[in-house]
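Beneath this line is the structure, given in structure tokens, with notes to follow.
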Amino acid sequence: MIGDVLISSLICENIKRNFPDAEVHYLINAFTKPVVDGNPFIDKFVIFEDLYRESKPAFYTFLKSIRQENYTHVIDAYGKLESNLISLFSKAPYKASYHKNYTSWIYTKTYKEMSEPLTEAGIAIDYRLKLLETLGNLKIYNSKPQIYLSTQEKEAAAMAFQKHSLDAQKTIMINALGSGLNKTYPLAYMAEVIDTIASETRSSLIFNYMPKQKDEVQKLYNLCAPETQKRIHLEFTANSLRNLMAISSQCQAIIGNEGGAINIAKALDVPSFAIFSPWIFKEGWNSFEKNYPNASVHLSDYKPELCKDSKSELKHKSLQLYQEFKPDFFKTKLSEFMTNHII
């Protein structure tokens, strides 16, 4: 997903900065490429097409192309069947990935999952940078992902704000929906959150959502108070992922469901406030909250007794747990965030 590809690009950056003469290739899903376009530490993108999942012959042809590259090192930051096979077919002398009993034989070095973060970057980033140890005692030059936007992209975003008569520096982006129902804060609760934002700031509000989510976003809009609705500009939407990132770079803050948009905000140094799904491991993704203008909330912060089950069990009952995650729990924290970084 977008967040994974963004933070894993740190592996490429730190390799390139330690070994400037190395040729660094980054294998990613096609739809995620915009989030790392322009990254100066990546020499070549290797695109994994959807076709490779649908057609075994096409996937086999792709595996043979990987072998022909004669890679010396492969770092598998994905750790699933597809990347296991890619690593195996690469025939690289050195291969690193996460430790699983049934796939560890493929790799030269594997690392066990962390339970606690090592740095402010959080477990998801710490874990990925751990994979670099297979290359020796490397210096970690950077542990915070970056997005590289062109001047033209930023100017186009500024013109979009002007077109809609909006002041970007007085506009908050709402990450209205998650990637799925089990990662989406209940609409009635989200409407309460948006009403709080509208009542405590003078900001205009724009929503981040995909075209297929338009009906759900309209429901959310209808649940907001009439005064809040006057501040919402549903017609202002991004026309591409790059455009979304450029628009995000201009906003006061991004608030809403934890996911790609929040990771984008952090990479652009835009203040963010994330609402985590009950089944997502917060310690893995609540990065850069001590010395940066970011904050997050999770049901476990308020009712830890409800979040003691395994990840699969929490995921299974996520909709039920969401109902326990009342907006009143974190209203004070949200207000403090807005006071410090928006108002």
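Residues are named by chain letter and number: chains run A, B, ... in the order of the structure tokens, numbers start at 1 in each chain, and ligands are numbered from 1 in the order shown.
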task: List every residue of stretch 139-249 of chain A that DSSP, applied to the backbone of this structure, assigns to strand (DSSP E or B), and report them as a list in words.
output: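 Here are the strand (DSSP E or B) residues of stretch 139-249 of chain A: Thr171, Ile172, Met173, Ile174, Asn175, Ser204, Leu205, Ile206, Phe207, Asn208 and Ile232 of chain A.
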query: Within 7 Å of A:Phe288, counting only C-alpha atoms, which residues qualify if same-chain residues fewer than 5 places away don't, as an NGL selection string?
result: :A and (120-121 or 294)
Just write the chosen residues, N, CA and C atoms, as a PDB file, in the first residue's frame.
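Output contents, as saved in part_13.pdb:
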ATOM      1  N   GLU A 120      11.742   7.283  17.573  1.00  0.00           N
ATOM      2  CA  GLU A 120      10.494   8.019  17.355  1.00  0.00           C
ATOM      3  C   GLU A 120       9.855   7.666  16.018  1.00  0.00           C
ATOM      4  N   ALA A 121      10.623   7.075  15.133  1.00  0.00           N
ATOM      5  CA  ALA A 121      10.095   6.714  13.818  1.00  0.00           C
ATOM      6  C   ALA A 121       9.027   5.636  13.901  1.00  0.00           C
ATOM      7  N   ASN A 294       2.480  16.064  15.059  1.00  0.00           N
ATOM      8  CA  ASN A 294       1.587  14.962  14.739  1.00  0.00           C
ATOM      9  C   ASN A 294       1.011  14.365  16.017  1.00  0.00           C
TER      10      ASN A 294
END
task: Extract, using only C-alpha atoms, all DNA, RNA and protein residues at most 12 Å from A:Asn340, discarding same-chain residues fewer than 6 positions from it, and format them as number ranges by chain.
output: A: 201, 252-253, 271-273, 292-295, 333-334
Restrict the selected residues to C-alpha atoms and save them as an mmCIF file, in the first residue's frame.
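Here's the written file result_0.cif:
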data_model
loop_
_atom_site.group_PDB
_atom_site.id
_atom_site.type_symbol
_atom_site.label_atom_id
_atom_site.label_comp_id
_atom_site.auth_asym_id
_atom_site.auth_seq_id
_atom_site.Cartn_x
_atom_site.Cartn_y
_atom_site.Cartn_z
ATOM 1 C CA THR A 201 -11.297 26.890 13.884
ATOM 2 C CA GLN A 252 -2.925 23.659 7.435
ATOM 3 C CA ALA A 253 -3.333 20.073 8.601
ATOM 4 C CA PRO A 271 0.536 18.591 10.876
ATOM 5 C CA SER A 272 -1.566 15.440 11.175
ATOM 6 C CA PHE A 273 -4.087 13.964 13.591
ATOM 7 C CA TYR A 292 6.859 16.882 15.182
ATOM 8 C CA PRO A 293 3.341 18.335 14.883
ATOM 9 C CA ASN A 294 1.587 14.962 14.739
ATOM 10 C CA ALA A 295 -0.854 13.219 17.066
ATOM 11 C CA LYS A 333 -6.609 15.937 22.621
ATOM 12 C CA LEU A 334 -8.003 17.072 19.273
#
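The nearest approach to A:Ser248 among the residues A:Phe19, A:Phe329, A:Tyr302, A:Phe207, with only C-alpha atoms taken into account, belongs to A:Phe207.
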query: What lies within 12 Å of A:Ser277 using only C-alpha atoms, ignoring chain neighbours under 5 positions off, as a VMD selection string?
result: chain A and resid 177 to 186 256 to 259 282 285 296 to 300 307 311 314 to 325
Could those residues be written to a file, using N, CA and C atoms, as an mmCIF file, in the first residue's frame?
data_model
loop_
_atom_site.group_PDB
_atom_site.id
_atom_site.type_symbol
_atom_site.label_atom_id
_atom_site.label_comp_id
_atom_site.auth_asym_id
_atom_site.auth_seq_id
_atom_site.Cartn_x
_atom_site.Cartn_y
_atom_site.Cartn_z
ATOM 1 N N LEU A 177 -12.559 8.833 4.827
ATOM 2 C CA LEU A 177 -12.806 7.392 4.849
ATOM 3 C C LEU A 177 -11.485 6.638 4.803
ATOM 4 N N GLY A 178 -11.486 5.431 5.356
ATOM 5 C CA GLY A 178 -10.318 4.576 5.268
ATOM 6 C C GLY A 178 -10.355 3.755 3.993
ATOM 7 N N SER A 179 -9.386 2.885 3.833
ATOM 8 C CA SER A 179 -9.321 2.057 2.626
ATOM 9 C C SER A 179 -10.389 0.980 2.606
ATOM 10 N N GLY A 180 -11.003 0.718 3.749
ATOM 11 C CA GLY A 180 -12.088 -0.258 3.843
ATOM 12 C C GLY A 180 -12.936 0.061 5.054
ATOM 13 N N LEU A 181 -14.049 -0.656 5.199
ATOM 14 C CA LEU A 181 -14.971 -0.385 6.303
ATOM 15 C C LEU A 181 -14.309 -0.599 7.653
ATOM 16 N N ASN A 182 -13.425 -1.608 7.737
ATOM 17 C CA ASN A 182 -12.796 -1.885 9.033
ATOM 18 C C ASN A 182 -11.635 -0.947 9.344
ATOM 19 N N LYS A 183 -11.413 0.044 8.468
ATOM 20 C CA LYS A 183 -10.421 1.091 8.750
ATOM 21 C C LYS A 183 -11.061 2.479 8.648
ATOM 22 N N THR A 184 -12.394 2.512 8.765
ATOM 23 C CA THR A 184 -13.123 3.775 8.639
ATOM 24 C C THR A 184 -13.877 4.076 9.931
ATOM 25 N N TYR A 185 -13.528 5.180 10.563
ATOM 26 C CA TYR A 185 -14.238 5.617 11.773
ATOM 27 C C TYR A 185 -15.713 5.798 11.418
ATOM 28 N N PRO A 186 -16.639 5.304 12.269
ATOM 29 C CA PRO A 186 -18.068 5.398 11.952
ATOM 30 C C PRO A 186 -18.479 6.810 11.529
ATOM 31 N N GLY A 256 -8.049 12.816 10.363
ATOM 32 C CA GLY A 256 -9.013 11.787 10.005
ATOM 33 C C GLY A 256 -8.475 10.387 10.159
ATOM 34 N N ASN A 257 -9.022 9.466 9.364
ATOM 35 C CA ASN A 257 -8.653 8.065 9.458
ATOM 36 C C ASN A 257 -7.173 7.853 9.154
ATOM 37 N N GLU A 258 -6.524 7.051 9.979
ATOM 38 C CA GLU A 258 -5.122 6.704 9.736
ATOM 39 C C GLU A 258 -5.015 5.941 8.423
ATOM 40 N N GLY A 259 -3.984 6.269 7.652
ATOM 41 C CA GLY A 259 -3.799 5.616 6.360
ATOM 42 C C GLY A 259 -2.826 6.389 5.511
ATOM 43 N N LYS A 282 -1.030 0.359 16.712
ATOM 44 C CA LYS A 282 -0.688 1.781 16.724
ATOM 45 C C LYS A 282 0.813 2.034 16.819
ATOM 46 N N TRP A 285 2.768 2.500 13.599
ATOM 47 C CA TRP A 285 2.557 3.578 12.632
ATOM 48 C C TRP A 285 2.371 4.965 13.242
ATOM 49 N N SER A 296 -2.069 11.147 17.424
ATOM 50 C CA SER A 296 -2.953 10.060 17.025
ATOM 51 C C SER A 296 -3.697 9.526 18.231
ATOM 52 N N VAL A 297 -4.799 8.851 17.949
ATOM 53 C CA VAL A 297 -5.600 8.240 19.020
ATOM 54 C C VAL A 297 -5.996 6.833 18.595
ATOM 55 N N HIS A 298 -6.139 5.973 19.593
ATOM 56 C CA HIS A 298 -6.508 4.567 19.379
ATOM 57 C C HIS A 298 -7.425 4.164 20.532
ATOM 58 N N LEU A 299 -8.323 3.240 20.261
ATOM 59 C CA LEU A 299 -9.235 2.776 21.311
ATOM 60 C C LEU A 299 -8.454 2.302 22.529
ATOM 61 N N SER A 300 -7.290 1.706 22.323
ATOM 62 C CA SER A 300 -6.493 1.192 23.442
ATOM 63 C C SER A 300 -6.013 2.294 24.373
ATOM 64 N N CYS A 307 -8.762 -4.243 23.801
ATOM 65 C CA CYS A 307 -7.817 -4.438 22.695
ATOM 66 C C CYS A 307 -6.735 -5.459 23.020
ATOM 67 N N LYS A 311 -4.467 -9.774 16.638
ATOM 68 C CA LYS A 311 -4.785 -8.866 15.540
ATOM 69 C C LYS A 311 -5.940 -9.404 14.695
ATOM 70 N N LEU A 314 -9.193 -8.926 16.617
ATOM 71 C CA LEU A 314 -9.580 -7.519 16.643
ATOM 72 C C LEU A 314 -10.128 -7.084 15.284
ATOM 73 N N LYS A 315 -9.499 -7.571 14.229
ATOM 74 C CA LYS A 315 -9.967 -7.234 12.883
ATOM 75 C C LYS A 315 -11.373 -7.769 12.648
ATOM 76 N N HIS A 316 -11.623 -8.981 13.122
ATOM 77 C CA HIS A 316 -12.929 -9.611 12.944
ATOM 78 C C HIS A 316 -14.043 -8.821 13.619
ATOM 79 N N LYS A 317 -13.751 -8.226 14.765
ATOM 80 C CA LYS A 317 -14.786 -7.486 15.479
ATOM 81 C C LYS A 317 -14.523 -5.975 15.476
ATOM 82 N N SER A 318 -13.839 -5.488 14.448
ATOM 83 C CA SER A 318 -13.468 -4.072 14.385
ATOM 84 C C SER A 318 -14.673 -3.143 14.362
ATOM 85 N N LEU A 319 -15.740 -3.526 13.646
ATOM 86 C CA LEU A 319 -16.915 -2.648 13.574
ATOM 87 C C LEU A 319 -17.568 -2.510 14.940
ATOM 88 N N GLN A 320 -17.601 -3.588 15.686
ATOM 89 C CA GLN A 320 -18.148 -3.539 17.045
ATOM 90 C C GLN A 320 -17.274 -2.671 17.943
ATOM 91 N N LEU A 321 -15.968 -2.821 17.828
ATOM 92 C CA LEU A 321 -15.041 -2.045 18.656
ATOM 93 C C LEU A 321 -15.086 -0.563 18.300
ATOM 94 N N TYR A 322 -15.278 -0.254 17.031
ATOM 95 C CA TYR A 322 -15.397 1.143 16.616
ATOM 96 C C TYR A 322 -16.531 1.841 17.363
ATOM 97 N N GLN A 323 -17.615 1.136 17.606
ATOM 98 C CA GLN A 323 -18.753 1.741 18.295
ATOM 99 C C GLN A 323 -18.404 2.140 19.731
ATOM 100 N N GLU A 324 -17.381 1.479 20.283
ATOM 101 C CA GLU A 324 -16.937 1.807 21.645
ATOM 102 C C GLU A 324 -15.993 3.010 21.663
ATOM 103 N N PHE A 325 -15.528 3.409 20.481
ATOM 104 C CA PHE A 325 -14.501 4.450 20.367
ATOM 105 C C PHE A 325 -15.180 5.818 20.193
#
query: Nearest to A:Ile262: which of A:Leu85, A:Ala198, A:Gly3, A:Glu49 is it, counting only C-alpha atoms?
result: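 Ranked by minimum distance to A:Ile262, first place goes to A:Gly3.
Nearest-residue note for A:His341: choosing from A:Glu283, A:Glu13, A:Asp269, A:Glu313, the minimum distance belongs to A:Asp269, counting only C-alpha atoms.
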message: I want to know what sits within 10 Å of A:Met245, based on only C-alpha atoms, with residues of the same chain fewer than 3 positions away left out; could you give that as JSON, numbers by chain?
response: {"A": [34, 35, 147, 148, 149, 153, 154, 157, 238, 240, 241, 242, 248, 249, 250, 261, 264, 265, 267, 268]}
field: Nearest residue to A:Ile28 from the set A:His233, A:Lys266, A:Lys44, A:Lys163 (distances using only C-alpha atoms)
entry: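 Smallest distance to A:Ile28 is found for A:Lys44.
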message: Can you measure atom CA of A:Tyr26 to atom CA of A:Phe45 for me? One decimal in Å is fine.
response: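 Computing the Euclidean distance for atom CA of A:Tyr26 and atom CA of A:Phe45 yields 5.0 Å.
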task: Would you list the contacts of A:Arg53 as a PyMOL selection string, taking every protein, DNA or RNA residue within 12 Å and counting only C-alpha atoms, but skipping same-chain residues closer than 3 positions in sequence?
output: chain A and resi 29+48-50+56-60+62+81-83
In stretch 64-135 of chain A, DSSP helix (DSSP H, G or I) residues written as a compact mmCIF listing (two decimals) with C-alpha atoms, in the first residue's frame:
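Saved result, part.txt, follows:
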# COMPACT_ATOMS: atom_id res chain seq x y z
CA LYS A 64 12.96 -14.74 -15.07
CA SER A 65 13.51 -11.03 -15.75
CA ILE A 66 14.48 -10.56 -12.11
CA ARG A 67 17.04 -13.34 -12.38
CA GLN A 68 18.58 -11.73 -15.46
CA LEU A 81 4.57 -15.18 -0.98
CA GLU A 82 5.16 -13.04 -4.07
CA SER A 83 8.23 -11.33 -2.66
CA ASN A 84 9.49 -14.64 -1.24
CA LEU A 85 9.47 -16.10 -4.76
CA ILE A 86 11.05 -12.96 -6.24
CA SER A 87 13.84 -13.14 -3.66
CA LEU A 88 14.39 -16.83 -4.36
CA PHE A 89 14.51 -16.38 -8.13
CA SER A 90 16.90 -13.43 -7.87
CA SER A 104 13.68 -18.19 6.41
CA TRP A 105 15.63 -20.74 4.33
CA ILE A 106 15.27 -18.41 1.32
CA ILE A 123 8.16 0.08 14.64
CA ALA A 124 7.18 0.06 10.96
CA ILE A 125 10.20 2.20 10.04
CA ASP A 126 12.59 0.79 12.66
CA TYR A 127 11.84 -2.71 11.43
CA ARG A 128 12.60 -1.82 7.82
CA LEU A 129 15.84 -0.06 8.64
CA LYS A 130 16.85 -3.13 10.64
CA LEU A 131 17.01 -4.98 7.32
CA LEU A 132 19.98 -2.81 6.34
CA GLU A 133 22.16 -4.57 8.89
CA THR A 134 22.75 -7.32 6.36
CA LEU A 135 24.88 -4.78 4.45
message: Report as a list of chain:residue names all protein, DNA and RNA residues lying within 9 Å of A:Gln169, evaluated on only C-alpha atoms, omitting residues in the same chain fewer than 2 positions from it.
response: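 Within the cut-off, the hits are A:Leu166, A:Asp167, A:Thr171, A:Ile172, A:Ser203, A:Gln250, A:Cys251, A:Gln252.
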query: Hey, which of A:Glu116, A:Asp328, A:Glu216, A:Glu336 ends up closest to A:Val193? Count only C-alpha atoms.
result: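 Answer, going by the shortest atom-to-atom distance: A:Asp328.
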